[in-house]
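Enquirer: This is entry.csv (CSV, C-alpha atoms).
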```csv
chain,number,residue,atom,x,y,z
K,248,CYS,CA,0.0,0.0,0.0
K,249,ALA,CA,1.7,3.2,-1.1
K,250,SER,CA,1.9,5.7,1.8
K,251,ILE,CA,0.8,9.2,0.9
K,252,ALA,CA,2.9,11.5,3.0
K,253,PRO,CA,0.5,14.2,4.1
K,254,ASP,CA,1.0,17.7,2.8
K,255,THR,CA,2.3,19.3,6.1
K,256,GLY,CA,3.0,22.5,4.4
K,257,SER,CA,-0.3,24.4,4.4
K,258,SER,CA,-2.3,22.3,6.8
K,259,THR,CA,-5.6,24.1,7.7
K,260,ALA,CA,-6.0,22.8,11.3
K,261,SER,CA,-3.7,23.7,14.2
K,262,GLU,CA,-1.4,25.9,12.1
K,263,SER,CA,1.0,26.3,15.1
K,264,VAL,CA,1.9,22.6,15.1
K,265,LYS,CA,5.0,22.1,13.0
K,266,ARG,CA,5.7,18.4,12.6
K,267,THR,CA,7.6,16.3,10.0
K,268,TYR,CA,6.3,13.0,8.9
K,269,HIS,CA,8.9,10.2,9.3
K,270,GLU,CA,8.8,7.8,6.5
K,271,ARG,CA,11.3,5.6,8.4
K,272,ILE,CA,10.6,5.1,12.1
K,273,ASP,CA,10.8,2.4,14.8
K,274,LEU,CA,8.0,2.5,17.4
K,275,ALA,CA,7.0,0.3,20.3
K,276,GLY,CA,4.4,0.5,23.0
K,277,ARG,CA,1.4,-1.1,24.6
K,278,LEU,CA,-2.1,-1.5,23.4
K,279,SER,CA,-5.5,-2.8,24.5
K,280,VAL,CA,-8.3,-3.9,22.2
K,281,GLN,CA,-12.0,-4.3,23.1
K,282,TYR,CA,-14.3,-5.8,20.5
K,283,GLN,CA,-17.2,-8.2,20.2
K,284,GLN,CA,-17.1,-11.7,18.8
K,285,ASN,CA,-20.4,-13.8,18.5
K,286,GLY,CA,-22.1,-11.3,20.8
K,287,LYS,CA,-19.5,-11.7,23.6
K,288,ASP,CA,-17.2,-8.8,24.7
K,289,GLU,CA,-13.6,-9.8,24.0
K,290,PHE,CA,-10.6,-8.0,25.4
K,291,LEU,CA,-6.9,-8.1,24.5
K,292,HIS,CA,-4.0,-6.5,26.3
K,293,GLY,CA,-0.3,-6.6,25.2
K,294,SER,CA,2.4,-4.7,23.5
K,295,PHE,CA,3.5,-4.0,19.9
K,296,THR,CA,6.7,-3.2,17.9
K,297,TRP,CA,6.4,-1.2,14.7
K,298,LYS,CA,9.3,-1.0,12.2
K,299,GLN,CA,8.4,1.2,9.3
K,300,ASP,CA,10.6,1.9,6.2
K,301,ASP,CA,9.5,3.5,2.9
K,302,LYS,CA,9.4,0.1,1.2
K,303,ARG,CA,8.3,-2.2,4.0
K,304,SER,CA,6.7,-2.2,7.5
K,305,ASP,CA,7.0,-5.0,10.1
K,306,ILE,CA,4.7,-5.1,13.1
K,307,ALA,CA,4.6,-7.6,15.9
K,308,LEU,CA,1.9,-8.1,18.5
K,309,LEU,CA,3.1,-9.5,21.9
K,310,SER,CA,1.4,-10.9,25.0
K,311,PRO,CA,1.9,-9.1,28.4
K,312,LEU,CA,4.8,-11.5,29.2
K,313,GLY,CA,6.5,-10.8,25.8
K,314,GLN,CA,5.5,-13.8,23.7
K,315,ILE,CA,4.9,-12.9,20.0
K,316,ILE,CA,1.2,-13.5,19.1
K,317,ALA,CA,1.4,-12.5,15.5
K,318,THR,CA,3.8,-10.7,13.1
K,319,ILE,CA,2.5,-8.6,10.2
K,320,ALA,CA,4.7,-7.6,7.2
K,321,ILE,CA,3.6,-5.0,4.6
K,322,THR,CA,5.5,-4.7,1.3
K,323,PRO,CA,4.5,-3.0,-2.0
K,324,SER,CA,3.4,-6.4,-3.3
K,325,GLY,CA,1.0,-7.1,-0.4
K,326,ALA,CA,0.7,-8.1,3.3
K,327,SER,CA,1.4,-11.3,5.2
K,328,LEU,CA,0.3,-12.2,8.7
K,329,THR,CA,1.9,-15.1,10.7
K,330,GLU,CA,0.2,-16.2,13.9
K,331,SER,CA,2.1,-18.1,16.6
K,332,GLY,CA,2.6,-21.6,15.4
K,333,LYS,CA,0.7,-21.2,12.2
K,334,ALA,CA,1.5,-20.8,8.5
K,335,PRO,CA,1.6,-17.3,7.1
K,336,ARG,CA,-1.5,-15.9,5.4
K,337,THR,CA,-1.2,-13.3,2.7
K,338,ALA,CA,-3.5,-10.7,1.1
K,339,ASP,CA,-3.3,-7.5,-0.9
K,340,ASP,CA,-5.1,-5.4,1.8
K,341,VAL,CA,-3.4,-5.6,5.2
K,342,ASP,CA,-6.4,-4.3,7.1
K,343,ALA,CA,-8.7,-6.9,5.6
K,344,LEU,CA,-6.1,-9.6,6.3
K,345,VAL,CA,-5.8,-8.6,10.0
K,346,ALA,CA,-9.6,-8.3,10.6
K,347,GLN,CA,-10.1,-11.7,9.0
K,348,THR,CA,-7.3,-13.5,10.8
K,349,LEU,CA,-7.4,-12.0,14.3
K,350,GLY,CA,-11.2,-11.3,14.4
K,351,TRP,CA,-10.7,-7.6,15.2
K,352,PRO,CA,-9.6,-4.7,12.9
K,353,LEU,CA,-6.2,-3.0,13.5
K,354,PRO,CA,-6.2,-0.1,11.0
K,355,ILE,CA,-2.5,-0.3,10.0
K,356,ALA,CA,-2.8,1.8,6.9
K,357,GLY,CA,-4.3,4.6,8.9
K,358,LEU,CA,-2.0,4.1,11.9
K,359,ARG,CA,0.9,4.9,9.6
K,360,GLN,CA,-0.3,8.5,9.7
K,361,TRP,CA,-2.2,8.6,13.0
K,362,LEU,CA,0.7,7.3,15.2
K,363,GLN,CA,2.6,10.3,14.1
K,364,GLY,CA,-0.2,12.8,14.7
K,365,PHE,CA,-1.4,13.1,11.1
K,366,ALA,CA,-4.8,12.2,9.7
K,367,THR,CA,-7.2,12.9,6.9
K,368,ASP,CA,-10.6,13.9,8.2
K,369,LYS,CA,-14.0,12.9,6.9
K,370,ASP,CA,-14.0,15.9,4.5
K,371,SER,CA,-10.6,14.7,3.2
K,372,GLN,CA,-8.8,17.6,4.8
K,373,ALA,CA,-5.3,17.1,6.2
K,374,PHE,CA,-5.3,17.2,10.0
K,375,VAL,CA,-2.3,17.7,12.2
K,376,ALA,CA,-2.9,16.8,15.9
K,377,GLY,CA,-1.0,18.7,18.5
K,378,ASN,CA,-3.0,19.5,21.6
K,379,ASN,CA,-4.2,17.2,24.4
K,380,GLY,CA,-7.6,15.8,23.8
K,381,ASP,CA,-7.5,16.4,20.0
K,382,ARG,CA,-10.4,14.5,18.5
K,383,ILE,CA,-11.1,13.7,14.9
K,384,THR,CA,-13.2,11.4,12.8
K,385,THR,CA,-11.1,10.1,9.9
K,386,ARG,CA,-12.1,9.6,6.3
K,387,ASP,CA,-12.6,5.8,7.0
K,388,GLY,CA,-14.7,6.4,10.0
K,389,TRP,CA,-12.3,5.9,12.9
K,390,GLN,CA,-12.7,8.3,15.8
K,391,LEU,CA,-9.3,9.3,17.1
K,392,ALA,CA,-8.6,11.0,20.4
K,393,TYR,CA,-5.0,12.1,21.2
K,394,ALA,CA,-5.3,11.9,25.0
K,395,ASN,CA,-1.8,13.2,25.8
K,396,TRP,CA,1.6,13.9,24.4
K,397,GLN,CA,5.3,13.5,25.2
K,398,THR,CA,8.5,15.2,24.0
K,399,ASP,CA,11.7,13.4,22.7
K,400,ALA,CA,15.2,14.5,23.6
K,401,ALA,CA,15.3,16.8,20.5
K,402,GLY,CA,12.2,18.6,21.8
K,403,ASN,CA,9.8,17.1,19.2
K,404,ARG,CA,6.3,16.4,20.6
K,405,TYR,CA,4.8,13.0,19.8
K,406,ALA,CA,1.7,11.2,21.0
K,407,LYS,CA,1.8,9.3,24.3
K,408,ARG,CA,-1.7,7.9,24.3
K,409,LEU,CA,-4.0,7.6,21.3
K,410,ASP,CA,-7.5,6.2,21.6
K,411,LEU,CA,-9.3,4.8,18.5
K,412,SER,CA,-12.9,3.6,18.2
K,413,HIS,CA,-15.1,2.5,15.4
K,414,GLN,CA,-18.5,0.8,15.1
K,415,THR,CA,-18.0,-2.2,12.8
K,416,ASN,CA,-20.5,-4.9,11.8
K,417,GLN,CA,-17.9,-7.7,11.9
K,418,ALA,CA,-16.6,-7.0,15.4
K,419,GLY,CA,-19.1,-4.6,16.9
K,420,LYS,CA,-17.9,-1.5,18.7
K,421,VAL,CA,-14.1,-1.7,18.5
K,422,GLU,CA,-12.0,0.4,21.0
K,423,ILE,CA,-8.2,0.4,20.8
K,424,ARG,CA,-6.0,2.3,23.2
K,425,ILE,CA,-2.3,2.7,22.3
K,426,VAL,CA,0.5,4.1,24.4
K,427,ILE,CA,3.8,4.8,22.7
K,428,ASP,CA,6.9,3.9,24.8
K,429,ASN,CA,9.6,3.9,22.2
K,430,TRP,CA,9.9,6.5,19.3
K,431,GLN,CA,13.0,6.3,17.0
K,432,PRO,CA,12.7,8.1,13.7
K,433,ARG,CA,15.5,6.9,11.3
Q,21,SER,CA,18.3,-32.5,40.2
Q,22,ALA,CA,16.2,-29.6,39.1
Q,23,LEU,CA,13.1,-31.7,38.9
Q,24,ASP,CA,13.4,-32.9,42.5
Q,25,GLN,CA,14.1,-29.4,43.7
Q,26,PHE,CA,11.1,-28.1,41.8
Q,27,LYS,CA,8.7,-30.8,43.1
Q,28,THR,CA,9.9,-30.1,46.6
Q,29,PHE,CA,9.4,-26.4,46.0
Q,30,VAL,CA,5.9,-26.9,44.7
Q,31,SER,CA,4.8,-29.1,47.5
Q,32,SER,CA,6.4,-27.0,50.3
Q,33,THR,CA,5.5,-23.5,49.0
Q,34,GLN,CA,2.0,-22.4,49.8
Q,35,SER,CA,2.9,-18.7,49.1
Q,36,ALA,CA,5.9,-16.5,48.3
Q,37,LYS,CA,7.0,-13.0,47.4
Q,38,GLY,CA,10.0,-11.3,45.8
Q,39,ASN,CA,11.0,-9.1,42.9
Q,40,PHE,CA,11.6,-9.9,39.2
Q,41,THR,CA,13.3,-8.5,36.2
Q,42,GLN,CA,12.0,-9.3,32.7
Q,43,GLN,CA,13.7,-8.8,29.3
Q,44,LEU,CA,13.1,-10.1,25.8
Q,45,VAL,CA,15.9,-11.8,23.9
Q,46,LYS,CA,15.7,-12.3,20.2
Q,47,VAL,CA,18.6,-13.7,18.1
Q,48,GLU,CA,18.9,-11.5,15.0
Q,49,SER,CA,21.4,-12.7,12.4
Q,50,GLY,CA,23.3,-14.6,15.0
Q,51,THR,CA,23.6,-12.0,17.7
Q,52,PRO,CA,21.1,-12.0,20.7
Q,53,LYS,CA,19.3,-8.6,20.9
Q,54,VAL,CA,17.9,-7.7,24.3
Q,55,SER,CA,14.9,-5.4,24.5
Q,56,ASN,CA,11.9,-4.3,26.7
Q,57,GLN,CA,13.7,-4.5,30.1
Q,58,SER,CA,11.2,-4.2,32.9
Q,59,SER,CA,11.1,-5.0,36.6
Q,60,GLY,CA,8.8,-5.2,39.6
Q,61,THR,CA,7.5,-7.3,42.4
Q,62,PHE,CA,5.4,-10.4,42.8
Q,63,VAL,CA,3.5,-12.1,45.5
Q,64,PHE,CA,1.4,-15.3,45.2
Q,65,SER,CA,-0.6,-17.8,47.2
Q,66,ARG,CA,-1.6,-21.2,45.8
Q,67,PRO,CA,-3.9,-21.8,44.1
Q,68,GLY,CA,-4.6,-19.0,41.7
Q,69,LYS,CA,-3.9,-15.9,43.8
Q,70,PHE,CA,-1.1,-13.6,42.7
Q,71,ILE,CA,-0.1,-10.0,42.1
Q,72,TRP,CA,2.5,-9.4,39.4
Q,73,THR,CA,3.4,-5.7,39.5
Q,74,TYR,CA,5.5,-4.0,36.8
Q,75,GLN,CA,7.1,-0.9,38.4
Q,76,LYS,CA,9.6,0.1,35.7
Q,77,PRO,CA,9.6,1.4,33.0
Q,78,TYR,CA,5.9,1.8,33.4
Q,79,GLU,CA,3.2,0.8,35.9
Q,80,GLN,CA,1.2,-2.3,35.1
Q,81,LEU,CA,-0.4,-4.9,37.2
Q,82,LEU,CA,-1.7,-8.4,36.7
Q,83,GLN,CA,-3.6,-9.7,39.7
Q,84,ALA,CA,-5.7,-12.8,40.4
Q,85,ASP,CA,-7.8,-13.2,43.5
Q,86,GLY,CA,-8.5,-16.9,42.9
Q,87,GLU,CA,-11.7,-16.1,40.9
Q,88,LYS,CA,-11.0,-13.1,38.6
Q,89,LEU,CA,-8.0,-11.9,36.7
Q,90,TYR,CA,-7.4,-8.1,36.8
Q,91,ILE,CA,-5.1,-6.2,34.4
Q,92,TYR,CA,-4.4,-2.6,35.2
Q,93,ASP,CA,-2.3,-0.3,33.0
Q,94,LYS,CA,-1.7,3.2,34.4
Q,95,ASP,CA,-0.8,4.9,31.0
Q,96,LEU,CA,-3.7,3.2,29.2
Q,97,ASN,CA,-5.8,4.2,32.3
Q,98,GLN,CA,-7.7,0.9,32.1
Q,99,VAL,CA,-8.7,-2.1,34.2
Q,100,THR,CA,-9.9,-5.2,32.6
Q,101,ILE,CA,-11.6,-7.9,34.6
Q,102,LYS,CA,-11.9,-11.5,33.3
Q,103,LYS,CA,-13.0,-14.7,34.9
Q,104,LEU,CA,-9.8,-16.5,36.0
Q,105,GLY,CA,-11.2,-19.9,34.9
Q,106,ASP,CA,-8.5,-21.7,33.0
Q,107,ALA,CA,-6.8,-18.4,32.1
Q,108,LEU,CA,-3.9,-19.7,34.2
Q,109,GLY,CA,-4.0,-23.2,32.9
Q,110,SER,CA,-1.0,-23.5,30.8
Q,111,SER,CA,0.3,-20.0,31.1
Q,112,PRO,CA,3.7,-19.3,32.7
Q,113,ALA,CA,1.9,-18.0,35.8
Q,114,ALA,CA,0.6,-21.5,36.4
Q,115,ILE,CA,4.2,-22.7,37.0
Q,116,LEU,CA,4.6,-20.5,40.1
Q,117,PHE,CA,1.0,-19.6,41.1
Q,118,GLY,CA,-1.2,-22.3,39.8
Q,119,SER,CA,-2.5,-25.4,41.5
Q,120,ASN,CA,0.2,-28.0,42.5
Q,121,ASN,CA,-0.6,-30.7,39.9
Q,122,LEU,CA,1.6,-29.1,37.1
Q,123,GLU,CA,2.0,-32.4,35.3
Q,124,GLN,CA,-1.7,-32.1,34.3
Q,125,ASN,CA,-0.8,-29.2,32.0
Q,126,PHE,CA,2.9,-29.7,31.4
Q,127,ASN,CA,5.5,-32.4,30.5
Q,128,LEU,CA,8.4,-31.8,32.9
Q,129,LYS,CA,12.0,-33.0,32.3
Q,130,ASP,CA,15.5,-32.2,33.6
Q,131,ALA,CA,17.6,-30.0,31.4
Q,132,GLY,CA,20.9,-29.9,33.2
Q,133,ALA,CA,23.0,-27.2,34.9
Q,134,ARG,CA,23.7,-23.8,33.3
Q,135,ASP,CA,24.5,-20.2,34.6
Q,136,GLY,CA,24.8,-21.5,38.2
Q,137,MET,CA,21.3,-23.0,38.2
Q,138,GLU,CA,19.8,-26.4,37.7
Q,139,TRP,CA,17.3,-26.2,34.9
Q,140,LEU,CA,14.1,-28.2,34.1
Q,141,GLU,CA,11.9,-27.8,31.0
Q,142,ALA,CA,8.1,-27.6,31.0
Q,143,THR,CA,6.4,-28.2,27.7
Q,144,PRO,CA,2.7,-27.3,27.6
Q,145,LYS,CA,0.4,-30.2,26.7
Q,146,ALA,CA,-2.1,-27.8,25.3
Q,147,LYS,CA,-1.3,-27.0,21.7
Q,148,ASP,CA,-2.8,-23.5,21.4
Q,149,THR,CA,-0.4,-21.7,23.8
Q,150,THR,CA,1.7,-18.7,22.6
Q,151,PHE,CA,4.9,-20.4,23.7
Q,152,ASP,CA,6.7,-23.6,22.9
Q,153,ARG,CA,8.7,-24.2,26.0
Q,154,ILE,CA,9.4,-22.9,29.5
Q,155,GLY,CA,12.7,-23.3,31.2
Q,156,ILE,CA,12.8,-23.0,35.0
Q,157,GLY,CA,16.2,-22.4,36.7
Q,158,MET,CA,16.3,-23.6,40.3
Q,159,LYS,CA,18.8,-22.4,42.9
Q,160,ASN,CA,18.8,-23.2,46.6
Q,161,GLY,CA,15.4,-24.9,46.2
Q,162,VAL,CA,13.6,-21.9,44.7
Q,163,PRO,CA,13.1,-20.7,41.1
Q,164,ALA,CA,15.8,-18.1,40.3
Q,165,ALA,CA,14.9,-17.7,36.5
Q,166,MET,CA,12.4,-18.7,33.9
Q,167,GLU,CA,12.8,-18.7,30.1
Q,168,LEU,CA,9.6,-18.5,28.1
Q,169,ARG,CA,10.4,-19.4,24.4
Q,170,ASP,CA,7.6,-18.5,21.9
Q,171,SER,CA,7.2,-20.1,18.5
Q,172,PHE,CA,9.0,-17.2,16.8
Q,173,GLY,CA,12.2,-18.0,18.7
Q,174,GLN,CA,11.9,-15.0,21.0
Q,175,VAL,CA,12.6,-15.7,24.7
Q,176,SER,CA,11.3,-13.8,27.7
Q,177,LEU,CA,13.9,-14.1,30.4
Q,178,LEU,CA,12.6,-13.6,33.9
Q,179,THR,CA,14.9,-13.5,36.9
Q,180,PHE,CA,13.7,-13.6,40.5
Q,181,GLY,CA,15.3,-12.0,43.5
Q,182,SER,CA,14.8,-11.9,47.3
Q,183,PHE,CA,12.5,-14.9,47.0
Q,184,GLU,CA,10.7,-15.4,50.3
Q,185,LYS,CA,8.9,-18.7,50.8
Q,186,ASN,CA,5.6,-18.8,52.9
Q,187,PRO,CA,5.8,-15.2,54.2
Q,188,ALA,CA,3.1,-13.8,56.5
Q,189,MET,CA,0.1,-12.7,54.4
Q,190,SER,CA,-2.7,-10.2,55.3
Q,191,ALA,CA,-6.2,-11.5,54.8
Q,192,GLY,CA,-7.1,-9.0,52.1
Q,193,GLN,CA,-3.7,-9.4,50.4
Q,194,PHE,CA,-5.2,-10.3,47.0
Q,195,LYS,CA,-8.3,-8.2,47.1
Q,196,PHE,CA,-8.3,-5.8,44.0
Q,197,ALA,CA,-9.3,-2.1,44.3
Q,198,VAL,CA,-9.9,-0.2,41.1
Q,199,PRO,CA,-7.5,2.8,41.0
Q,200,LYS,CA,-9.3,6.1,41.0
Q,201,GLY,CA,-10.4,7.4,37.6
Q,202,ALA,CA,-9.4,4.2,35.7
Q,203,ASP,CA,-11.9,3.0,33.1
Q,204,VAL,CA,-13.1,-0.5,33.8
Q,205,PHE,CA,-13.9,-3.2,31.2
Q,206,GLN,CA,-15.7,-6.4,32.4
```
Represent the structure of the file as structure tokens.

Expert:
Amino acid sequence: CASIAPDTGSSTASESVKRTYHERIDLAGRLSVQYQQNGKDEFLHGSFTWKQDDKRSDIALLSPLGQIIATIAITPSGASLTESGKAPRTADDVDALVAQTLGWPLPIAGLRQWLQGFATDKDSQAFVAGNNGDRITTRDGWQLAYANWQTDAAGNRYAKRLDLSHQTNQAGKVEIRIVIDNWQPR
Amino acid sequence: SALDQFKTFVSSTQSAKGNFTQQLVKVESGTPKVSNQSSGTFVFSRPGKFIWTYQKPYEQLLQADGEKLYIYDKDLNQVTIKKLGDALGSSPAAILFGSNNLEQNFNLKDAGARDGMEWLEATPKAKDTTFDRIGIGMKNGVPAAMELRDSFGQVSLLTFGSFEKNPAMSAGQFKFAVPKGADVFQ
């Protein structure tokens, strides 16, 4: 999936926030996912690692004690997802692959922008988040809330906690909370 | 041998407390890469009661009161409550905190001496666990380390310190109180 680096030049919202989009970045943090499966509330809690290059991205989902639950790789030719102890599954669209395999949607295509505080709102306008409690509904219907921020050694602000929610028919109301612990642009 | 030490430990230890360190070790192109170092304290009382508290680098708590499993993450500001049921079953926690008949869920065998400890290996009988093998390093009759190897070859290395067997326990030791302001998911 080609990543469209947002036009950060003349963004309409939050003019004051100056932020560069990092095409190549390593991230890690914690996440919790709440969703429904056959009418029952399901809940996951764990951590993730996110290694993003311009050509390829590798994401791992881990259990609280650090066992890898699944690895997801996205390359220009498609996406593959390998669950612990199972054969890899591939598809063109990573988000469809994840939702099908894990039973809950992780909007990876969107997170490429959202984790760095960029989004495209429902009127297809570029949005640059920057203040606590920033809320936005994205073009594909995810509601984002940037709960709080942190600053790296060079003084750049980046998200600490990001909440996402989306009403889906396959997995009911999905609520994902993400905390970023490790932020390494390359 | 490790197996004898471990069986004596399991039969003579009703409860215990101490501290732990946890780190993930993944071998990448031949060299072991250590990441996600964390540390904290633990206390448990058989069967099925424990508090596993991460203090550094962030605050997170896994607690079981014999009936329910509570997971609290301060940054995510969330508490999830699940029925304990067989959540322990063949999880690493079962080794230390579960009921005594480990052989029901694991095949146990001696694995020789290494790093100043006598090791045994526990292989889960259930197939759908997120890890392949658990190594338990015994020293002076108590577990000094545990190695949780997942099917991707990543190892979570836990080390235990100031291990106190059968300490005095207060009645409400494992009662869980929801931290103020945290969102609760049942």

Enquirer: Write out as a list in words the residues lying within 12 Å of Ala343 (chain K), counting all atoms listed in the file and excluding same-chain residues fewer than 6 positions away.

Expert: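 The contact residues come out as Gly325, Ala326, Ser327, Leu328, Arg336, Thr337, Leu349, Gly350, Trp351, Pro352, Leu353, Pro354, Ile355, Ala356 and Gln417 of chain K.
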
Enquirer: Hey, which bits of chain K sit within 8 Å of chain Q, and for each residue what's the closest pair of atoms and how far apart in Å (one decimal), counting all atoms listed in the file, rows by chain and increasing number, as a tab-separated table?

Expert:
```
residue	atom	partner	partner_atom	distance
K:Leu278	CA	Q:Leu96	CA	7.6
K:Ser279	CA	Q:Leu96	CA	7.8
K:Phe290	CA	Q:Thr100	CA	7.8
K:Leu312	CA	Q:Ser176	CA	7.1
K:Gly313	CA	Q:Ser176	CA	6.0
K:Gln314	CA	Q:Asp170	CA	5.5
K:Ile315	CA	Q:Asp170	CA	6.5
K:Ile316	CA	Q:Thr150	CA	6.3
K:Ser331	CA	Q:Ser171	CA	5.8
K:Gly332	CA	Q:Ser171	CA	5.7
K:Arg408	CA	Q:Leu96	CA	7.1
K:Arg424	CA	Q:Leu96	CA	6.5
K:Ile425	CA	Q:Leu96	CA	7.1
K:Val426	CA	Q:Leu96	CA	6.4
```

Enquirer: Please provide the set of residues having any atom within 10 Å of Lys103 (chain Q), restricted to all atoms listed in the file, with same-chain residues fewer than 6 positions apart removed, written as an MDAnalysis selection string.

Expert: chainID Q and resid 84 86:90 206

Enquirer: Between K:Ser294, K:Gln372, K:Gln397, K:Gln284, which residue has the minimum interatomic distance to Pro311 (chain K), considering only C-alpha atoms?

Expert: K:Ser294

Enquirer: Please provide the set of residues having any atom within 12 Å of Gly161 (chain Q), restricted to only C-alpha atoms, with same-chain residues fewer than 6 positions apart removed, written as a PyMOL selection string.

Expert: chain Q and resi 21-33+137-139+183-185

Enquirer: Given all atoms listed in the file, how would the per-residue table for region 25-52 of chain Q near region 70-74 of chain Q read, listing every residue at most 10 Å away with its closest atom pair and distance in Å to one decimal, sorted by chain and number, as a Markdown table?

Expert:
```
| residue | atom | partner | partner_atom | distance |
| --- | --- | --- | --- | --- |
| Q:Ser35 | CA | Q:Phe70 | CA | 9.1 |
| Q:Ala36 | CA | Q:Phe70 | CA | 9.4 |
| Q:Lys37 | CA | Q:Ile71 | CA | 9.4 |
| Q:Asn39 | CA | Q:Thr73 | CA | 9.0 |
| Q:Phe40 | CA | Q:Tyr74 | CA | 8.8 |
| Q:Thr41 | CA | Q:Tyr74 | CA | 9.0 |
| Q:Gln42 | CA | Q:Tyr74 | CA | 9.3 |
```

Enquirer: Report, in Å to a single decimal, how far apart CA of Pro432 (chain K) and CA of Thr51 (chain Q) are.

Expert: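 Atom-to-atom, CA of Thr51 (chain Q) to CA of Pro432 (chain K), that is 23.2 Å.
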
Enquirer: Can you measure CA of Thr61 (chain Q) to CA of Leu122 (chain Q) for me? One decimal in Å is fine.

Expert: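 Rounded to one decimal, the two atoms are 23.2 Å apart.
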
Enquirer: Would you fill the gaps in region 25-30 of chain Q so it has all heavy atoms, then print it as a compact mmCIF listing (two decimals), in the frame of the given file?

Expert:
```
# COMPACT_ATOMS: atom_id res chain seq x y z
N GLN Q 25 14.21 -30.66 43.00
CA GLN Q 25 14.10 -29.40 43.70
C GLN Q 25 12.78 -28.70 43.43
O GLN Q 25 12.11 -28.17 44.32
CB GLN Q 25 15.22 -28.41 43.15
CG GLN Q 25 16.56 -28.47 43.82
CD GLN Q 25 17.44 -27.29 43.39
OE1 GLN Q 25 17.12 -26.13 43.67
NE2 GLN Q 25 18.52 -27.58 42.70
N PHE Q 26 12.35 -28.79 42.17
CA PHE Q 26 11.10 -28.10 41.80
C PHE Q 26 9.90 -28.75 42.45
O PHE Q 26 9.03 -28.08 42.99
CB PHE Q 26 10.96 -28.10 40.27
CG PHE Q 26 9.78 -27.30 39.78
CD1 PHE Q 26 9.77 -25.91 39.92
CD2 PHE Q 26 8.66 -27.93 39.25
CE1 PHE Q 26 8.68 -25.16 39.50
CE2 PHE Q 26 7.56 -27.18 38.83
CZ PHE Q 26 7.57 -25.80 38.96
N LYS Q 27 9.89 -30.08 42.47
CA LYS Q 27 8.70 -30.80 43.10
C LYS Q 27 8.67 -30.49 44.56
O LYS Q 27 7.60 -30.24 45.12
CB LYS Q 27 8.84 -32.28 42.78
CG LYS Q 27 8.50 -32.60 41.33
CD LYS Q 27 8.33 -34.08 41.09
CE LYS Q 27 7.76 -34.29 39.69
NZ LYS Q 27 8.04 -35.65 39.18
N THR Q 28 9.85 -30.46 45.21
CA THR Q 28 9.90 -30.10 46.60
C THR Q 28 9.36 -28.69 46.83
O THR Q 28 8.55 -28.41 47.71
CB THR Q 28 11.31 -30.25 47.18
OG1 THR Q 28 11.88 -31.45 46.67
CG2 THR Q 28 11.35 -30.21 48.69
N PHE Q 29 9.85 -27.80 45.93
CA PHE Q 29 9.40 -26.40 46.00
C PHE Q 29 7.90 -26.29 45.91
O PHE Q 29 7.24 -25.66 46.74
CB PHE Q 29 10.09 -25.58 44.90
CG PHE Q 29 9.43 -24.25 44.65
CD1 PHE Q 29 9.59 -23.20 45.55
CD2 PHE Q 29 8.62 -24.04 43.52
CE1 PHE Q 29 8.97 -21.97 45.33
CE2 PHE Q 29 8.01 -22.82 43.30
CZ PHE Q 29 8.17 -21.79 44.21
N VAL Q 30 7.34 -26.98 44.89
CA VAL Q 30 5.90 -26.90 44.70
C VAL Q 30 5.13 -27.39 45.87
O VAL Q 30 4.20 -26.75 46.36
CB VAL Q 30 5.51 -27.64 43.38
CG1 VAL Q 30 4.00 -27.79 43.28
CG2 VAL Q 30 6.06 -26.93 42.15
```
